[in-house]
$ cat coords.txt   # compact mmCIF, C-alpha atoms
# COMPACT_ATOMS: atom_id res chain seq x y z
CA MET D 1478 -20.93 19.63 17.54
CA ASN D 1479 -21.02 23.27 18.47
CA VAL D 1480 -17.34 24.11 18.63
CA GLY D 1481 -15.87 27.24 20.16
CA PHE D 1482 -12.57 28.06 18.50
CA LEU D 1483 -10.55 30.27 20.82
CA TYR D 1484 -7.74 32.14 19.13
CA SER D 1485 -5.87 35.38 18.83
CA GLN D 1486 -4.25 34.75 15.48
CA ILE D 1487 -4.92 32.15 12.82
CA ARG D 1488 -1.72 30.35 11.89
CA ALA D 1489 -1.58 27.57 9.31
CA ASP D 1490 -2.21 25.11 12.15
CA GLU D 1491 -5.48 26.78 13.11
CA LYS D 1492 -6.54 26.96 9.48
CA LEU D 1493 -5.98 23.21 9.11
CA LEU D 1494 -8.19 22.56 12.14
CA LEU D 1495 -10.92 24.93 10.98
CA THR D 1496 -10.93 23.36 7.52
CA GLU D 1497 -11.23 19.88 9.04
CA LEU D 1498 -14.03 20.94 11.39
CA ARG D 1499 -15.99 22.58 8.56
CA SER D 1500 -15.55 19.58 6.28
CA ARG D 1501 -17.31 17.49 8.93
CA GLY D 1502 -20.21 19.90 9.25
CA HIS D 1503 -19.50 21.14 12.77
CA ASP D 1504 -20.82 24.55 13.77
CA ILE D 1505 -17.95 26.82 14.68
CA LEU D 1506 -17.97 29.92 16.82
CA LYS D 1507 -14.69 31.70 16.33
CA ILE D 1508 -13.78 33.43 19.59
CA ASP D 1509 -11.07 36.06 19.23
CA VAL D 1510 -9.79 36.17 22.80
CA ARG D 1511 -8.87 39.84 22.37
CA LYS D 1512 -12.46 40.85 21.65
CA HIS D 1513 -14.37 38.94 24.33
CA GLN D 1514 -14.77 39.31 28.06
CA PHE D 1515 -14.86 36.46 30.55
CA SER D 1516 -16.90 37.00 33.69
CA ILE D 1517 -16.85 35.05 36.93
CA GLN D 1518 -20.65 35.52 36.98
CA GLY D 1519 -21.02 33.04 34.14
CA PRO D 1520 -20.63 32.66 30.38
CA SER D 1521 -21.97 35.16 27.90
CA SER D 1522 -25.04 33.88 26.05
CA GLU D 1523 -23.11 33.05 22.88
CA PHE D 1524 -21.00 30.49 24.76
CA LYS D 1525 -23.86 28.63 26.41
CA ASP D 1526 -24.57 26.09 23.66
CA LEU D 1527 -20.97 25.14 23.02
CA ASP D 1528 -20.16 21.43 23.28
CA VAL D 1529 -16.44 22.02 23.38
CA VAL D 1530 -13.90 24.80 23.07
CA ILE D 1531 -10.59 24.33 21.28
CA ASP D 1532 -8.02 26.71 22.69
CA ARG D 1533 -5.54 27.83 20.07
CA CYS D 1534 -4.43 31.14 21.59
CA ILE D 1535 -0.91 32.02 20.54
CA ALA D 1536 -0.19 33.67 23.91
CA GLN D 1537 0.27 31.21 26.72
CA SER D 1538 -0.94 33.73 29.31
CA GLN D 1539 -4.22 34.08 27.42
CA SER D 1540 -4.59 30.29 27.20
CA LYS D 1541 -3.88 29.94 30.88
CA PHE D 1542 -6.63 32.29 32.01
CA ALA D 1543 -9.24 31.90 29.25
CA SER D 1544 -9.20 28.11 29.65
CA LEU D 1545 -9.88 28.54 33.37
CA PHE D 1546 -13.07 30.43 32.59
CA PHE D 1547 -14.44 27.90 30.11
CA ALA D 1548 -13.70 25.10 32.56
CA SER D 1549 -15.50 27.03 35.30
CA TYR D 1550 -18.50 27.43 32.98
CA GLY D 1551 -18.63 23.66 32.62
CA ILE D 1552 -17.72 23.83 28.93
CA PRO D 1553 -15.10 21.20 28.02
CA ILE D 1554 -11.95 22.90 26.80
CA ILE D 1555 -8.98 21.45 25.00
CA ASN D 1556 -6.60 21.65 26.67
CA ASP D 1557 -7.75 21.55 30.25
CA PRO D 1558 -6.44 24.57 32.20
CA MET D 1559 -4.49 22.31 34.53
CA VAL D 1560 -2.60 20.93 31.53
CA VAL D 1561 -1.88 24.43 30.23
CA GLU D 1562 -0.67 25.49 33.66
CA ARG D 1563 1.63 22.51 33.99
CA CYS D 1564 3.08 22.62 30.49
CA SER D 1565 3.49 26.33 29.89
CA ASP D 1566 5.74 26.63 32.95
CA LYS D 1567 9.03 24.79 32.50
CA VAL D 1568 9.61 24.56 36.24
CA LYS D 1569 6.34 22.72 36.80
CA THR D 1570 6.88 20.45 33.81
CA SER D 1571 10.40 19.52 34.91
CA LEU D 1572 9.29 18.76 38.46
CA LEU D 1573 6.38 16.61 37.29
CA LEU D 1574 8.56 14.65 34.88
CA ALA D 1575 11.32 14.09 37.44
CA ASN D 1576 8.91 13.09 40.20
CA ALA D 1577 7.30 10.55 37.87
CA GLY D 1578 10.68 9.02 37.07
CA ILE D 1579 10.54 10.11 33.43
CA PRO D 1580 14.00 10.89 32.07
CA THR D 1581 14.44 14.65 31.75
CA PRO D 1582 17.58 16.80 31.67
CA GLU D 1583 19.18 17.61 35.02
CA THR D 1584 17.69 20.96 36.06
CA THR D 1585 18.24 23.36 38.95
CA ILE D 1586 16.46 26.59 39.84
CA ALA D 1587 18.24 29.52 41.49
CA PHE D 1588 16.79 32.79 42.70
CA SER D 1589 19.77 35.12 42.78
CA PRO D 1590 22.64 35.86 40.38
CA GLU D 1591 25.18 34.54 42.88
CA SER D 1592 23.26 31.34 43.38
CA ALA D 1593 22.76 30.96 39.61
CA LEU D 1594 26.49 31.28 38.98
CA GLU D 1595 27.25 28.76 41.72
CA THR D 1596 24.73 26.36 40.16
CA ILE D 1597 26.34 26.69 36.74
CA GLU D 1598 29.87 26.20 38.10
CA THR D 1599 28.72 23.08 39.93
CA MET D 1600 26.77 21.69 36.96
CA GLY D 1601 29.66 22.34 34.61
CA TYR D 1602 29.99 23.69 31.10
CA PRO D 1603 28.24 23.74 28.76
CA CYS D 1604 24.85 24.22 30.32
CA VAL D 1605 21.68 25.98 29.26
CA ILE D 1606 19.62 28.81 30.75
CA LYS D 1607 16.00 28.97 29.67
CA PRO D 1608 13.14 31.33 30.46
CA ILE D 1609 10.51 29.52 32.50
CA VAL D 1610 7.82 30.66 30.05
CA GLY D 1611 8.59 30.86 26.37
CA SER D 1612 8.68 29.01 23.11
CA TRP D 1613 10.26 28.67 19.70
CA GLY D 1614 13.75 28.61 21.24
CA ARG D 1615 13.63 32.26 22.17
CA LEU D 1616 15.84 33.62 24.99
CA MET D 1617 17.59 30.30 25.45
CA ALA D 1618 21.31 30.50 26.09
CA LYS D 1619 23.96 27.82 25.86
CA ILE D 1620 26.70 28.76 28.29
CA ASP D 1621 30.21 27.54 27.54
CA THR D 1622 32.32 29.62 29.92
CA ARG D 1623 32.17 31.41 33.26
CA ALA D 1624 32.49 34.74 31.46
CA ALA D 1625 29.41 33.98 29.38
CA ALA D 1626 27.54 32.84 32.49
CA GLU D 1627 28.33 36.08 34.31
CA ALA D 1628 27.19 38.19 31.37
CA ILE D 1629 23.93 36.33 30.75
CA ILE D 1630 23.02 36.26 34.44
CA GLU D 1631 23.69 39.99 34.75
CA HIS D 1632 21.58 40.74 31.70
CA LYS D 1633 18.69 38.64 32.97
CA ALA D 1634 18.87 40.15 36.44
CA THR D 1635 19.08 43.71 35.15
CA LEU D 1636 16.90 43.79 32.06
CA GLY D 1637 14.41 41.06 32.60
CA HIS D 1638 10.87 40.73 33.79
CA TYR D 1639 10.73 39.25 37.30
CA GLU D 1640 10.32 35.77 35.85
CA HIS D 1641 13.80 36.08 34.32
CA LYS D 1642 15.20 36.36 37.82
CA ILE D 1643 14.11 32.77 38.36
CA PHE D 1644 17.18 31.14 36.84
CA TYR D 1645 16.23 27.84 35.19
CA ILE D 1646 19.53 26.07 34.58
CA GLN D 1647 19.75 22.82 32.72
CA LYS D 1648 22.51 20.39 31.84
CA PHE D 1649 23.36 20.58 28.14
CA ILE D 1650 22.48 17.40 26.27
CA ASN D 1651 24.88 16.56 23.46
CA LYS D 1652 22.16 15.42 21.09
CA PRO D 1653 22.89 14.23 17.53
CA ASN D 1654 22.01 17.56 15.83
CA ARG D 1655 18.33 16.77 16.14
CA ASP D 1656 15.48 16.32 18.54
CA ILE D 1657 12.14 14.58 18.23
CA ARG D 1658 8.65 16.09 18.29
CA VAL D 1659 5.75 13.75 18.92
CA VAL D 1660 2.19 15.04 18.65
CA ALA D 1661 -0.07 12.99 20.87
CA VAL D 1662 -3.66 12.95 22.12
CA ASP D 1663 -4.13 11.65 25.66
CA GLY D 1664 -0.74 10.00 25.38
CA ASN D 1665 -1.39 8.22 22.08
CA ALA D 1666 1.08 9.38 19.45
CA ILE D 1667 -0.44 10.61 16.18
CA ALA D 1668 2.85 11.17 14.38
CA ALA D 1669 6.40 12.30 14.97
CA MET D 1670 9.23 14.10 13.25
CA THR D 1671 12.86 14.86 13.81
CA ARG D 1672 14.07 18.44 13.72
CA THR D 1673 17.64 18.69 12.51
CA SER D 1674 20.01 21.62 12.58
CA THR D 1675 23.71 22.32 12.91
CA HIS D 1676 22.73 24.94 15.51
CA TRP D 1677 22.29 23.66 19.06
CA LEU D 1678 18.68 24.86 18.93
CA THR D 1679 16.69 22.53 16.72
CA ASN D 1680 13.29 24.23 16.82
CA ALA D 1681 11.44 24.30 13.51
CA ALA D 1682 10.88 28.00 14.24
CA LYS D 1683 14.67 28.42 14.18
CA GLY D 1684 14.92 26.89 10.72
CA ALA D 1685 15.56 23.24 11.53
CA THR D 1686 14.74 20.76 8.78
CA VAL D 1687 12.03 18.25 9.57
CA ASP D 1688 11.70 14.59 8.64
CA ALA D 1689 9.17 11.90 9.47
CA TYR D 1690 10.17 9.72 12.42
CA ASN D 1691 9.03 6.17 13.12
CA ILE D 1692 8.25 6.06 16.81
CA PRO D 1693 10.09 3.33 18.73
CA LYS D 1694 8.27 1.63 21.60
CA GLU D 1695 10.44 3.37 24.18
CA VAL D 1696 9.51 6.80 22.82
CA ALA D 1697 5.82 5.89 22.64
CA SER D 1698 5.98 4.75 26.23
CA LEU D 1699 7.71 7.93 27.40
CA VAL D 1700 5.18 10.08 25.54
CA GLU D 1701 2.32 8.18 27.16
CA LYS D 1702 3.83 8.62 30.63
CA ALA D 1703 4.73 12.27 30.08
CA SER D 1704 1.23 13.02 28.85
CA LYS D 1705 -0.28 11.31 31.87
CA VAL D 1706 1.71 13.29 34.43
CA VAL D 1707 0.62 16.63 32.98
CA GLY D 1708 -3.03 15.59 32.57
CA GLY D 1709 -3.26 14.42 28.97
CA GLY D 1710 -4.84 16.34 26.12
CA LEU D 1711 -3.41 17.47 22.80
CA LEU D 1712 0.32 17.85 23.31
CA GLY D 1713 3.59 18.22 21.48
CA VAL D 1714 6.16 16.22 23.41
CA ASP D 1715 9.83 16.94 22.69
CA LEU D 1716 12.55 14.39 23.32
CA MET D 1717 16.29 14.17 22.77
CA GLU D 1718 18.36 11.09 22.02
CA LEU D 1719 21.12 10.27 24.49
CA ASP D 1720 24.57 8.81 23.87
CA ASP D 1721 23.56 5.56 25.58
CA GLY D 1722 20.67 5.02 23.17
CA GLY D 1723 18.03 6.23 25.60
CA PHE D 1724 15.80 9.30 25.43
CA THR D 1725 15.06 12.30 27.60
CA VAL D 1726 11.90 14.40 27.60
CA HIS D 1727 12.76 18.10 27.68
CA GLU D 1728 9.53 19.90 26.87
CA ILE D 1729 5.77 19.41 26.60
CA ASN D 1730 3.86 21.92 24.51
CA PRO D 1731 0.19 22.49 25.35
CA GLY D 1732 -0.59 24.55 22.23
CA THR D 1733 1.37 22.39 19.87
CA GLU D 1734 1.92 23.44 16.30
CA PHE D 1735 1.72 20.65 13.75
CA LYS D 1736 1.86 22.22 10.28
CA ALA D 1737 5.47 21.14 9.73
CA LEU D 1738 4.69 17.66 11.03
CA ASN D 1739 1.65 17.37 8.80
CA GLU D 1740 3.77 18.22 5.76
CA CYS D 1741 6.46 15.61 6.42
CA VAL D 1742 4.42 12.56 7.45
CA ASP D 1743 1.86 10.42 5.64
CA VAL D 1744 -0.60 10.84 8.50
CA ASP D 1745 -3.42 13.41 8.26
CA VAL D 1746 -2.63 15.11 11.57
CA PRO D 1747 -5.58 17.55 11.79
CA SER D 1748 -7.98 14.73 10.94
CA HIS D 1749 -6.62 12.62 13.81
CA ILE D 1750 -6.83 15.58 16.17
CA ILE D 1751 -10.46 16.24 15.29
CA ASN D 1752 -11.29 12.51 15.53
CA TRP D 1753 -10.00 12.60 19.08
CA ILE D 1754 -11.81 15.84 19.95
CA GLU D 1755 -15.08 14.37 18.63
CA SER D 1756 -14.48 11.25 20.65
CA VAL D 1757 -13.75 12.95 23.98
CA THR D 1758 -16.55 15.48 23.50
CA ASN D 1759 -19.10 12.76 22.76
CA LYS D 1760 -17.99 10.81 25.82
CA LYS D 1761 -18.37 13.88 28.03
CA GLY D 1762 -21.79 14.56 26.53
CA GLU D 1763 -22.95 11.00 27.29
CA THR D 1764 -21.93 11.25 30.94
CA GLN D 1765 -23.71 14.57 31.56
CA MET I 127 -9.06 35.15 -5.30
CA THR I 128 -9.50 38.76 -4.30
CA SER I 129 -7.05 41.61 -4.09
CA THR I 130 -6.34 44.36 -1.63
CA THR I 131 -3.40 46.55 -0.75
CA CYS I 132 -0.72 46.33 1.91
CA VAL I 133 -1.40 48.84 4.67
CA GLU I 134 2.33 49.47 5.03
CA CYS I 135 3.69 49.82 1.47
CA GLY I 136 0.54 49.98 -0.65
CA SER I 137 1.48 47.04 -2.86
CA GLU I 138 -1.32 44.97 -4.29
CA LEU I 139 -1.88 41.66 -2.48
CA THR I 140 -3.73 38.66 -3.83
CA ILE I 141 -5.80 36.98 -1.15
CA SER I 142 -7.25 33.49 -1.38
CA ASP I 143 -11.01 33.07 -1.05
CA ASP I 144 -10.73 30.93 2.08
CA VAL I 145 -8.96 33.65 4.04
CA GLU I 146 -9.86 33.69 7.75
CA SER I 147 -10.42 36.59 10.07
CA GLY I 148 -7.38 36.57 12.36
CA GLU I 149 -5.11 35.04 9.73
CA ILE I 150 -1.57 36.36 9.40
CA LEU I 151 -0.29 37.12 5.90
CA ASP I 152 3.07 38.33 4.64
CA CYS I 153 3.46 41.18 2.18
CA ASP I 154 5.85 39.86 -0.46
CA THR I 155 6.97 43.39 -1.31
CA CYS I 156 7.84 44.96 2.04
CA GLY I 157 7.91 41.79 4.16
CA ILE I 158 5.61 43.07 6.89
CA GLU I 159 3.21 40.70 8.62
CA LEU I 160 -0.44 41.63 8.20
CA GLU I 161 -3.47 40.48 10.14
CA VAL I 162 -6.80 39.94 8.43
CA ILE I 163 -9.28 41.91 10.52
CA GLY I 164 -12.27 41.52 8.21
CA VAL I 165 -13.24 39.23 5.37
CA GLY I 166 -16.26 40.79 3.75
CA PRO I 167 -14.50 42.69 2.17
CA VAL I 168 -10.97 41.80 3.20
CA GLU I 169 -9.48 44.30 5.61
CA LEU I 170 -5.90 44.22 6.79
CA SER I 171 -3.93 45.80 9.60
CA LYS I 172 -0.34 45.46 10.73
CA ALA I 173 -0.02 42.24 12.71
CA PRO I 174 0.71 42.54 16.44
CA GLU I 175 4.34 42.41 17.50
CA LEU I 176 5.66 39.16 18.90
CA GLU I 177 5.11 38.87 22.66
CA GLU I 178 7.32 37.01 25.10
CA ASP I 179 4.69 34.40 25.96
CA TRP I 180 3.79 33.53 22.37
CA GLY I 181 4.40 30.05 21.18
CA GLU I 182 3.32 26.49 21.53
$ encode --input "coords.txt" --output "structure tokens"
Amino acid sequence: MNVGFLYSQIRADEKLLLTELRSRGHDILKIDVRKHQFSIQGPSSEFKDLDVVIDRCIAQSQSKFASLFFASYGIPIINDPMVVERCSDKVKTSLLLANAGIPTPETTIAFSPESALETIETMGYPCVIKPIVGSWGRLMAKIDTRAAAEAIIEHKATLGHYEHKIFYIQKFINKPNRDIRVVAVDGNAIAAMTRTSTHWLTNAAKGATVDAYNIPKEVASLVEKASKVVGGGLLGVDLMELDDGGFTVHEINPGTEFKALNECVDVDVPSHIINWIESVTNKKGETQ
Amino acid sequence: MTSTTCVECGSELTISDDVESGEILDCDTCGIELEVIGVGPVELSKAPELEEDWGE
């Protein structure tokens, strides 16, 4: 295959994918999104022979727009721009999950500080405020008291970008010091891990410890459904365990990292990802 | 392996042969993140600062 590899920085995850692609003899065009232009008139000549583009931009805004252009050029891109759009915006993800009947934490949006405070008082403490775009647990706040709520809301309203004035307020889930990350392709789980921390944030980026996780049927089913409602593709689906033994899906990552997962499971994650990319690219090629 | 110097503190860095353009490296001496901007020969610059929309 002629593979376009869209990136802005090469993390360990991208290096694993590049190594796997090269080991299989694929031709790779590395596309540094910062150095190329994308015209509505059509693709530049170097893009025309690409069979597929793998989007690994670290900035979600770059993914969102660059993927739109490759899709408009008729070049298959992983992930599809619709998937990126739906997953990189927590409001859209939450709505899609809830409307599909997939368990997800109770969430309310408010557009003014007064309304945000009223929402929090009604939801009860503790609750969580998240930015609608963001990752790695950054700018997330667990709110335990009205005084904390007032301070955080004021800071967001005063100091934030306009998107921080969209108050995304979520019920706090008293999870067992860990959450679950499942990496899946078109809803089929490749592997999963738990991320454990004594801090309420259990992101690997925040220093959580990771362990392999055997995926129960209920989790596999939720991952399949969650993937379907956002449009499939290569995803990192995050779930939390509930007191009643059930699960809730709280996030779907369209540019999922998998280095930590790859190190703690027996599965060769990049190999499975490339197997799937080869498969979907060949299918698309056959139908054209 | 090849070697180059940190653009921030000047310390010598050992770089593996499979280094990629765009790769982010850490300087063990000063701790700064460095981006590989060229591989033949290896050229480094300070890595971009974290942006709000970075992530997964």
$ residues_near_point --input "coords.txt" --point "(-0.8, 42.8, 10.2)" --cutoff "6 Å" --atoms "all atoms listed in the file" --output "list of chain:residue names"
I:Glu159, I:Leu160, I:Glu161, I:Ser171, I:Lys172, I:Ala173
$ residues_near_point --input "coords.txt" --point "(-3.8, 18.3, 13.1)" --cutoff "10 Å" --atoms "only C-alpha atoms" --output "short mmCIF file (atom, residue, chain, number, x, y, z; two decimals) with C-alpha atoms, in the coordinates of the input"
data_model
loop_
_atom_site.label_atom_id
_atom_site.label_comp_id
_atom_site.auth_asym_id
_atom_site.auth_seq_id
_atom_site.Cartn_x
_atom_site.Cartn_y
_atom_site.Cartn_z
CA ASP D 1490 -2.21 25.11 12.15
CA GLU D 1491 -5.48 26.78 13.11
CA LYS D 1492 -6.54 26.96 9.48
CA LEU D 1493 -5.98 23.21 9.11
CA LEU D 1494 -8.19 22.56 12.14
CA LEU D 1495 -10.92 24.93 10.98
CA GLU D 1497 -11.23 19.88 9.04
CA VAL D 1660 2.19 15.04 18.65
CA ILE D 1667 -0.44 10.61 16.18
CA ALA D 1668 2.85 11.17 14.38
CA LEU D 1711 -3.41 17.47 22.80
CA THR D 1733 1.37 22.39 19.87
CA GLU D 1734 1.92 23.44 16.30
CA PHE D 1735 1.72 20.65 13.75
CA LYS D 1736 1.86 22.22 10.28
CA LEU D 1738 4.69 17.66 11.03
CA ASN D 1739 1.65 17.37 8.80
CA VAL D 1744 -0.60 10.84 8.50
CA ASP D 1745 -3.42 13.41 8.26
CA VAL D 1746 -2.63 15.11 11.57
CA PRO D 1747 -5.58 17.55 11.79
CA SER D 1748 -7.98 14.73 10.94
CA HIS D 1749 -6.62 12.62 13.81
CA ILE D 1750 -6.83 15.58 16.17
CA ILE D 1751 -10.46 16.24 15.29
CA ASN D 1752 -11.29 12.51 15.53
#
$ atom_distance --input "coords.txt" --atom1 "CA of Phe1515 (chain D)" --atom2 "CA of Phe1546 (chain D)"
6.6 Å
$ residues_around --input "coords.txt" --residues "Gly1713 (chain D)" --least-positions-apart "4" --cutoff "10 Å" --atoms "only C-alpha atoms" --output "list in words"
Ile1657, Arg1658, Val1659, Val1660, Ala1661, Val1662, Ala1666, Ala1669, Val1700, Ser1704, Glu1728, Ile1729, Asn1730, Pro1731, Gly1732, Thr1733, Glu1734 and Phe1735 of chain D; Glu182 of chain I
$ atom_distance --input "coords.txt" --atom1 "CA of Ile1643 (chain D)" --atom2 "CA of Thr1585 (chain D)"
10.3 Å
